[in-house]
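Reviewing the structure listed below.
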Amino acid sequence: MSKKLNSTVAAVTERIEQRSAVTRRQYLDGIHAMQAQGKTRTLSCGNLAHAVAAMPKTEKFRIVAEQKHAGNIGIVTAYNDMLSAHQPFASYPELIKETALAAGGSAQVAGGVPAMCDGVTQGQPGMELSLFSRDVIALSATVALSHNVFDAAVFLGVCDKIVPGLVIAAATFGHLPCIFLPAGPMLSGIPNNEKAKIRQQYALGEVGRAELLQAEMSSYHDAGTCTFYGTANSNQMLMEFMGLQLPGSSFVNPNTPLRTALTVAGTQRVLAMTGHGTQPQVTTSEILDVKAFVNGMVGLNATGGSTNLVLHLVAMARAAGILLHVEDLADLSAVTPLLARVYPNGIADVNHFHAAGGLQFVMAELLAAGLLHEDVQTVAGPGLSHYTQEAVLDTAGHAKWQAGAAVSHDSEILRPCQDAFQASGGLVRLKGNLGEAVIKVSAVQPAQRRITAPARVFHDQAAVKAAFEREELSGDFICVLRFQGPGANGMPELHSLTPLLGVLQDRGQKVALVTDGRMSGASGKVPAAIHLSPEAAQGGAIARIRDGDLLVLDADNGSLEVLAADFATRPAVTADLSAGQRGMGRELFEVFRRVAGPAATGGNTLLSESVESLPAGSSA
C-alpha cells in the first residue's frame, strides 16, 4: 500500500514539470498531430503492396482488411550473436509473429539496429564510438518505424547504449503503443569478487594472461546479460520502474519456459494496447511522462545502478520533451535508501538479487515509503503496483503474476527501507571551481569519500597504465584524466583503470579519479568524479589543472575544488587529439564529436537540451 508521497520526490517532480512545460507541450502537440492522422496504414495501394509483398497471403489480406485485423507490430531488434545478451533474440521474431497471428494480428521485423559490447571494446579504439552508438541506434530505429505501417512496436534490446537509444526512438514514435522484451541474464559463473581479484593480480604481474583469460571466460560464459550490476542490468531495472517491460521480466534467464512465456505475454499485451479490441489504446507518450522518469531515477538510486544512466536518462527524457538535470538525480538520491548490494556494490550477482526478492521487493518497499509515483500508466496497466508482482508459470505453461516476496530472502543482498544498507542512494553531484561532476559512492568506503591530494595529470588511459607499470604512482594522489569527453573522443568508458587504481588503494594510498570521461556501471571502490562538465576539449576548467595542484574531492559535502590561487586566470591547455580521430571508423563520427552536447545534458547529438533554444518569451 502506498503512503503519502515523499516531499522531496514531490518537489523534484514539480520542478521538472515546470522546467519542462514548454518542451513537453511541444512534444505532446506533435504526438497529438500524429494521432489525428488516424490509423497508421493510410497508405496508397502501391505503398501498402510494397509493405506486405513478402508476407504470407493469409496475413497479407488480414492487414489489408483492417477492420478484421488486431494490429500490425513492428519489431525493432538489436540481435547479433556476438553479444551474449542479444544472442537469444534470434528466435524472438518468429515467436512474436506466431503469437500475433494467433491473436488476430501480425508482426514484421521493421529493422535492425547496431549493438556494440563495451566489454569487448573496453580500452580499445572502438570504445570511442560507444556513447554515440546510442544516437545511431535511435536514428536506426526511427528509420525502421518511419514506414508508417505499424500499429505498435516491440523493442528487442538489453545492453548499455542499446536500450537508451531504443527508448529515444520509442518516445519519438510516442503515438504508438510499445513494449520492451528482454532476454535475461546468463547463469551465474565465477564469483565477481574472485574475478576482480584476478584482474588486480594480473595488473601486479602475479598471474599471467592464461589465468586471466580463464577467469574472464568463467565469468562471461553463456548466452544472456553479464551478471554484474552494470549498465545492461541497470537498463533492465529502469524499464520495469518506468513501466515499459512486463513486471518481473528483467532477470529471468534465457531459453527457459518462463522466458518464452513472458515473450508471448508481452506480444499479446502490446496488441491489446493498440485499442483494436475491447481495451483502450495505451500509447508510449502516456507512459513516458515526468512521473515515470522520476520513478526511474529513484530506482537507479535504490539499487546502486550504473552511472551511465545519469547520461542516458537526460537524453531519453529530452526525446519526450522532459528536461532533467543532474541535481534532480542527486536530490532524489539524498532521500532514497540503498536497498540492494549487487556487484560491484557487493559480492552477489543479479541472479542472486532476483532470487532474494529482486525488483518486486524493491518496488514494494519504495511504494510503501512514498518514494515512488504509483499513479502512472504502464504496459501492465494503470498503477505501478503491478510491478510488486513476480512472474511465474501456471500449470498450462503461461505467464501469470503473483505477489512478490514480502521479506528479503537474503539480507546481505536485499534489505527493507528501515534496515537499508545506507540512508541515501549514493549518487552525489559535485560542484566547485572545476565545474559539475557526479560520483557514485555506494561502493566507496566512508573513509575514502573525502580526499585532498596533489594532481597527476594525464591525457589518455595508456599514459596512466604506463606510469603505473613504471611504479611512478606513489603516495596519495588524484588522477586527473582529461580530454575524455564527448567532444574530444566520444567519451569512452575508463573502466580499465579500475584494477590499477584499486591496487594502489589496497596498498594504503588514498587515490581518486577526476575525469571528463565516464566509468560505467562497473565503477566501484575507488572514488571517481566523472562526467566533469565543461569538458577539457571545450576549454573547461579541468584543462587548467597542473601536476602537483592540490585538489579536494569531498563526496560528503558535494564539492570538487582546485586549491591554487592563480587557477581562475590560467590559460586552458589544448591537446592534439588527431590520433584518436581516425581508424576503426572514428573518422565517420567527426560530426558527432563536433555537435555533441556536454555530459550534463547527456552528450546528446540529436536534440537540444538547452532551454535557451526555446522561442523568445517562453519559460522552462
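How things are named: the first chain in the C-alpha cells is A, the next is B, and so on; residues count from 1 in each chain; ligands count from 1 in the order shown.
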Q.
Report as an MDAnalysis selection string all protein, DNA and RNA residues lying within 12 Å of A:Val9, evaluated on only C-alpha atoms, omitting residues in the same chain fewer than 2 positions from it.
A. chainID A and resid 4:7 11:16 290:291 293:298 328:336 366:367 369:373
Would you save the residues of that selection, restricted to N, CA and C atoms, as an mmCIF file, in the first residue's frame?
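part02.cif, freshly written:
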```
data_model
loop_
_atom_site.group_PDB
_atom_site.id
_atom_site.type_symbol
_atom_site.label_atom_id
_atom_site.label_comp_id
_atom_site.auth_asym_id
_atom_site.auth_seq_id
_atom_site.Cartn_x
_atom_site.Cartn_y
_atom_site.Cartn_z
ATOM 1 N N LYS A 4 1.618 8.581 1.608
ATOM 2 C CA LYS A 4 1.755 9.917 1.040
ATOM 3 C C LYS A 4 3.134 10.092 0.419
ATOM 4 N N LEU A 5 3.172 10.736 -0.743
ATOM 5 C CA LEU A 5 4.409 10.895 -1.486
ATOM 6 C C LEU A 5 5.423 11.708 -0.689
ATOM 7 N N ASN A 6 6.649 11.238 -0.679
ATOM 8 C CA ASN A 6 7.746 11.945 -0.029
ATOM 9 C C ASN A 6 7.833 13.379 -0.556
ATOM 10 N N SER A 7 8.084 14.317 0.337
ATOM 11 C CA SER A 7 8.053 15.734 -0.050
ATOM 12 C C SER A 7 9.145 16.085 -1.058
ATOM 13 N N ALA A 11 8.568 17.509 -4.734
ATOM 14 C CA ALA A 11 9.169 18.782 -5.141
ATOM 15 C C ALA A 11 10.000 18.634 -6.408
ATOM 16 N N VAL A 12 10.786 17.560 -6.500
ATOM 17 C CA VAL A 12 11.588 17.329 -7.702
ATOM 18 C C VAL A 12 10.673 17.123 -8.904
ATOM 19 N N THR A 13 9.614 16.360 -8.728
ATOM 20 C CA THR A 13 8.661 16.138 -9.816
ATOM 21 C C THR A 13 8.063 17.455 -10.291
ATOM 22 N N GLU A 14 7.658 18.284 -9.352
ATOM 23 C CA GLU A 14 7.028 19.559 -9.703
ATOM 24 C C GLU A 14 7.990 20.470 -10.443
ATOM 25 N N ARG A 15 9.235 20.543 -9.996
ATOM 26 C CA ARG A 15 10.172 21.457 -10.659
ATOM 27 C C ARG A 15 10.530 20.961 -12.062
ATOM 28 N N ILE A 16 10.587 19.627 -12.255
ATOM 29 C CA ILE A 16 10.826 19.109 -13.603
ATOM 30 C C ILE A 16 9.646 19.450 -14.504
ATOM 31 N N VAL A 290 6.680 12.669 -16.817
ATOM 32 C CA VAL A 290 7.652 13.085 -15.801
ATOM 33 C C VAL A 290 7.692 12.097 -14.644
ATOM 34 N N LYS A 291 6.524 11.609 -14.216
ATOM 35 C CA LYS A 291 6.489 10.692 -13.077
ATOM 36 C C LYS A 291 7.245 9.400 -13.377
ATOM 37 N N PHE A 293 9.863 9.076 -15.303
ATOM 38 C CA PHE A 293 11.303 9.345 -15.218
ATOM 39 C C PHE A 293 11.740 9.540 -13.769
ATOM 40 N N VAL A 294 10.902 10.156 -12.944
ATOM 41 C CA VAL A 294 11.234 10.272 -11.527
ATOM 42 C C VAL A 294 11.309 8.881 -10.895
ATOM 43 N N ASN A 295 10.362 8.010 -11.226
ATOM 44 C CA ASN A 295 10.418 6.638 -10.714
ATOM 45 C C ASN A 295 11.706 5.944 -11.146
ATOM 46 N N GLY A 296 12.107 6.171 -12.395
ATOM 47 C CA GLY A 296 13.351 5.566 -12.884
ATOM 48 C C GLY A 296 14.561 6.059 -12.121
ATOM 49 N N MET A 297 14.595 7.353 -11.812
ATOM 50 C CA MET A 297 15.725 7.907 -11.058
ATOM 51 C C MET A 297 15.762 7.359 -9.635
ATOM 52 N N VAL A 298 14.599 7.202 -9.025
ATOM 53 C CA VAL A 298 14.548 6.620 -7.687
ATOM 54 C C VAL A 298 15.041 5.172 -7.730
ATOM 55 N N ASP A 328 18.510 16.858 -10.122
ATOM 56 C CA ASP A 328 17.302 16.074 -9.855
ATOM 57 C C ASP A 328 17.675 14.687 -9.336
ATOM 58 N N LEU A 329 18.628 14.064 -10.009
ATOM 59 C CA LEU A 329 19.104 12.747 -9.576
ATOM 60 C C LEU A 329 19.732 12.813 -8.196
ATOM 61 N N ALA A 330 20.538 13.832 -7.970
ATOM 62 C CA ALA A 330 21.238 13.949 -6.688
ATOM 63 C C ALA A 330 20.265 14.204 -5.539
ATOM 64 N N ASP A 331 19.270 15.040 -5.768
ATOM 65 C CA ASP A 331 18.301 15.328 -4.708
ATOM 66 C C ASP A 331 17.457 14.102 -4.386
ATOM 67 N N LEU A 332 17.101 13.329 -5.404
ATOM 68 C CA LEU A 332 16.359 12.091 -5.165
ATOM 69 C C LEU A 332 17.245 11.069 -4.450
ATOM 70 N N SER A 333 18.515 11.042 -4.805
ATOM 71 C CA SER A 333 19.441 10.126 -4.145
ATOM 72 C C SER A 333 19.515 10.393 -2.646
ATOM 73 N N ALA A 334 19.471 11.651 -2.276
ATOM 74 C CA ALA A 334 19.621 12.023 -0.863
ATOM 75 C C ALA A 334 18.500 11.473 0.009
ATOM 76 N N VAL A 335 17.321 11.177 -0.585
ATOM 77 C CA VAL A 335 16.190 10.679 0.219
ATOM 78 C C VAL A 335 15.849 9.232 -0.097
ATOM 79 N N THR A 336 16.608 8.614 -1.001
ATOM 80 C CA THR A 336 16.324 7.233 -1.400
ATOM 81 C C THR A 336 17.306 6.285 -0.726
ATOM 82 N N LEU A 366 9.642 0.745 -1.780
ATOM 83 C CA LEU A 366 9.681 2.165 -2.134
ATOM 84 C C LEU A 366 8.276 2.745 -2.231
ATOM 85 N N LEU A 367 7.332 1.968 -2.740
ATOM 86 C CA LEU A 367 5.941 2.432 -2.779
ATOM 87 C C LEU A 367 5.401 2.637 -1.369
ATOM 88 N N ALA A 369 7.032 3.368 1.190
ATOM 89 C CA ALA A 369 7.717 4.507 1.816
ATOM 90 C C ALA A 369 7.345 5.839 1.168
ATOM 91 N N GLY A 370 6.496 5.810 0.156
ATOM 92 C CA GLY A 370 6.099 7.052 -0.516
ATOM 93 C C GLY A 370 7.176 7.638 -1.402
ATOM 94 N N LEU A 371 8.088 6.790 -1.891
ATOM 95 C CA LEU A 371 9.207 7.278 -2.704
ATOM 96 C C LEU A 371 9.002 7.075 -4.196
ATOM 97 N N LEU A 372 7.879 6.488 -4.585
ATOM 98 C CA LEU A 372 7.564 6.284 -5.997
ATOM 99 C C LEU A 372 6.163 6.807 -6.297
ATOM 100 N N HIS A 373 5.980 7.247 -7.530
ATOM 101 C CA HIS A 373 4.638 7.593 -8.009
ATOM 102 C C HIS A 373 3.914 6.305 -8.387
#
```
Each residue of stretch 552-591 of chain A lying at most 12 Å from stretch 511-519 of chain A should get a row with its shortest atom-to-atom pair and the distance in Å to one decimal, counting only C-alpha atoms; could you produce that, ordered by chain and increasing number, as CSV?
```
residue,atom,partner,partner_atom,distance
A:Val552,CA,A:Ala512,CA,10.1
A:Leu553,CA,A:Ala512,CA,8.1
A:Asp554,CA,A:Ala512,CA,10.7
A:Ala555,CA,A:Ala512,CA,11.2
A:Leu560,CA,A:Val514,CA,9.1
A:Glu561,CA,A:Val514,CA,10.8
A:Val562,CA,A:Val514,CA,11.3
```
Q.
Nearest residue to A:Pro56 out of A:Gln108, A:Asn433, A:Gln26, A:Ser84, using only C-alpha atoms?
A.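 Of A:Gln108, A:Asn433, A:Gln26, A:Ser84, the one nearest A:Pro56 is A:Gln108, counting only C-alpha atoms.
Taking only C-alpha atoms into account, A:Ala152 lies nearest to A:His276 out of the set A:Arg546, A:His221, A:His276, A:Lys197.
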Q) Contacts of stretch 204-218 of chain A at 9 Å or less, counting only C-alpha atoms, minus same-chain residues fewer than 2 places along, as a list in words? A) Gly189, Ile190, Glu194, Lys195, Ile198, Arg199, Gln200, Gln201, Tyr202, Tyr220, His221, Glu469, Leu500 and Val503 of chain A
(Q) DSSP on the backbone, strand (DSSP E) only: what residues of stretch 1-162 of chain A does that give? Format it as an MDAnalysis selection string. (A) chainID A and resid 72:77 106:112 152:156
Mind dumping the selected residues with N, CA and C atoms as an mmCIF file, in the first residue's frame?
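Full text of out33.cif as output:
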```cif
data_model
loop_
_atom_site.group_PDB
_atom_site.id
_atom_site.type_symbol
_atom_site.label_atom_id
_atom_site.label_comp_id
_atom_site.auth_asym_id
_atom_site.auth_seq_id
_atom_site.Cartn_x
_atom_site.Cartn_y
_atom_site.Cartn_z
ATOM 1 N N ASN A 72 -0.773 -4.509 -36.513
ATOM 2 C CA ASN A 72 0.487 -4.964 -37.079
ATOM 3 C C ASN A 72 1.631 -4.434 -36.216
ATOM 4 N N ILE A 73 2.425 -5.346 -35.677
ATOM 5 C CA ILE A 73 3.535 -4.984 -34.786
ATOM 6 C C ILE A 73 4.812 -4.810 -35.599
ATOM 7 N N GLY A 74 5.504 -3.725 -35.372
ATOM 8 C CA GLY A 74 6.836 -3.528 -35.931
ATOM 9 C C GLY A 74 7.880 -3.955 -34.919
ATOM 10 N N ILE A 75 8.702 -4.930 -35.283
ATOM 11 C CA ILE A 75 9.751 -5.423 -34.393
ATOM 12 C C ILE A 75 11.053 -4.699 -34.727
ATOM 13 N N VAL A 76 11.628 -4.045 -33.754
ATOM 14 C CA VAL A 76 12.944 -3.419 -33.914
ATOM 15 C C VAL A 76 13.911 -4.225 -33.061
ATOM 16 N N THR A 77 14.873 -4.838 -33.694
ATOM 17 C CA THR A 77 15.730 -5.778 -32.984
ATOM 18 C C THR A 77 17.198 -5.368 -33.009
ATOM 19 N N SER A 106 -0.633 -9.307 -36.668
ATOM 20 C CA SER A 106 0.531 -9.683 -37.466
ATOM 21 C C SER A 106 1.742 -8.947 -36.928
ATOM 22 N N ALA A 107 2.903 -9.387 -37.358
ATOM 23 C CA ALA A 107 4.152 -8.741 -36.926
ATOM 24 C C ALA A 107 5.173 -8.845 -38.046
ATOM 25 N N GLN A 108 5.968 -7.804 -38.185
ATOM 26 C CA GLN A 108 7.043 -7.767 -39.162
ATOM 27 C C GLN A 108 8.297 -7.215 -38.500
ATOM 28 N N VAL A 109 9.453 -7.724 -38.907
ATOM 29 C CA VAL A 109 10.695 -7.119 -38.450
ATOM 30 C C VAL A 109 10.853 -5.801 -39.197
ATOM 31 N N ALA A 110 10.680 -4.711 -38.469
ATOM 32 C CA ALA A 110 10.752 -3.392 -39.091
ATOM 33 C C ALA A 110 12.183 -3.024 -39.450
ATOM 34 N N GLY A 111 13.125 -3.476 -38.625
ATOM 35 C CA GLY A 111 14.518 -3.158 -38.900
ATOM 36 C C GLY A 111 15.406 -3.576 -37.757
ATOM 37 N N GLY A 112 16.680 -3.583 -38.028
ATOM 38 C CA GLY A 112 17.672 -3.896 -37.014
ATOM 39 C C GLY A 112 18.470 -2.667 -36.648
ATOM 40 N N ALA A 152 1.870 -0.809 -33.511
ATOM 41 C CA ALA A 152 2.578 -0.935 -32.240
ATOM 42 C C ALA A 152 4.014 -1.316 -32.538
ATOM 43 N N ALA A 153 4.864 -1.171 -31.545
ATOM 44 C CA ALA A 153 6.280 -1.516 -31.712
ATOM 45 C C ALA A 153 6.736 -2.392 -30.564
ATOM 46 N N VAL A 154 7.544 -3.395 -30.905
ATOM 47 C CA VAL A 154 8.238 -4.234 -29.930
ATOM 48 C C VAL A 154 9.729 -3.967 -30.076
ATOM 49 N N PHE A 155 10.393 -3.662 -28.975
ATOM 50 C CA PHE A 155 11.818 -3.366 -28.998
ATOM 51 C C PHE A 155 12.586 -4.488 -28.311
ATOM 52 N N LEU A 156 13.568 -5.016 -29.030
ATOM 53 C CA LEU A 156 14.399 -6.099 -28.520
ATOM 54 C C LEU A 156 15.809 -5.562 -28.305
#
```
Q: Tell me which of A:Val342, A:Asn148, A:Arg134, A:Val264 sits closest to A:Gln37, counting only C-alpha atoms.
A: A:Asn148
Please identify all polymer residues within 10 Å of A:Gly397, counting only C-alpha atoms, omitting same-chain residues fewer than 4 positions from it, and present them as a PDB file with C-alpha atoms, in the first residue's frame.
```
ATOM      1  CA  PRO A 257       9.967 -21.816 -20.293  1.00  0.00           C
ATOM      2  CA  LEU A 258       9.186 -18.680 -18.264  1.00  0.00           C
ATOM      3  CA  THR A 260       9.369 -17.834 -23.570  1.00  0.00           C
ATOM      4  CA  ALA A 261       6.044 -17.351 -21.804  1.00  0.00           C
ATOM      5  CA  VAL A 392       5.671 -17.341 -12.675  1.00  0.00           C
ATOM      6  CA  LEU A 393       4.344 -20.147 -14.873  1.00  0.00           C
TER       7      LEU A 393
END
```
Q.
At a cut-off of 8 Å, using only C-alpha atoms, what residues contact stretch 314-322 of chain A? Leave out same-chain residues fewer than 2 positions from it and give the result as a ChimeraX atom specification.
A. /A:16-17,20,23-28,164-165,167-169,171-172,285,288-290,293,310-312,324-325,601-604,607-609
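Across A:Pro446, A:Gly248, A:Gly426, A:Gly346, the tightest approach to A:Gln360 is made by A:Gly248 when counting only C-alpha atoms.
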Q. Which value, in Å to one decimal, gives the distance between atom CA of A:Val136 and atom CA of A:Pro114?
A. 7.8 Å
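Compared by their closest atoms to A:Ser130, and using only C-alpha atoms, the residues A:Arg450, A:His386, A:Arg586, A:Lys440 rank with A:Arg586 nearest.
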Q: Please identify all polymer residues within 10 Å of A:Thr307, counting only C-alpha atoms, omitting same-chain residues fewer than 6 positions from it, and present them as a list in words.
A: Gly230, Thr231, Ser234, Leu300, Asn301, Leu427, Val438, Ile439, Lys440, Arg518, Met519, Ser520, Gly521, Ala522, Ser523, Ile530 and His531 of chain A
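Closest to A:Gly540 among A:Asp375, A:Glu436, A:Glu240, A:Asp81 is A:Glu436, based on only C-alpha atoms.
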Neighbours of A:Phe251 within 10 Å (only C-alpha atoms; same-chain residues fewer than 3 positions away dropped), as a tab-separated table (two decimals) with C-alpha atoms, in the first residue's frame?
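Result saved to around_28.tsv:
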```tsv
chain	number	residue	atom	x	y	z
A	182	PRO	CA	14.30	-8.53	-22.59
A	183	ALA	CA	16.43	-11.65	-22.93
A	184	GLY	CA	17.57	-12.06	-19.32
A	185	PRO	CA	20.92	-12.67	-17.60
A	186	MET	CA	23.23	-15.63	-18.16
A	224	GLY	CA	22.46	-13.72	-21.61
A	225	THR	CA	23.39	-10.47	-19.96
A	227	THR	CA	25.58	-10.91	-14.35
A	233	ASN	CA	21.17	-4.78	-15.97
A	236	GLN	CA	16.50	-3.69	-17.28
A	237	MET	CA	15.70	-2.28	-13.84
A	248	GLY	CA	9.26	-9.41	-13.14
A	254	PRO	CA	17.26	-17.01	-21.40
A	259	ARG	CA	11.32	-16.54	-20.56
A	350	VAL	CA	21.75	-10.23	-10.47
A	351	ASN	CA	20.64	-13.86	-10.33
A	352	HIS	CA	21.18	-13.83	-6.57
A	353	PHE	CA	19.43	-10.45	-6.35
A	354	HIS	CA	16.42	-11.77	-8.28
A	355	ALA	CA	16.23	-14.87	-6.08
A	358	GLY	CA	14.59	-8.63	-6.68
A	359	LEU	CA	12.92	-5.63	-8.22
```
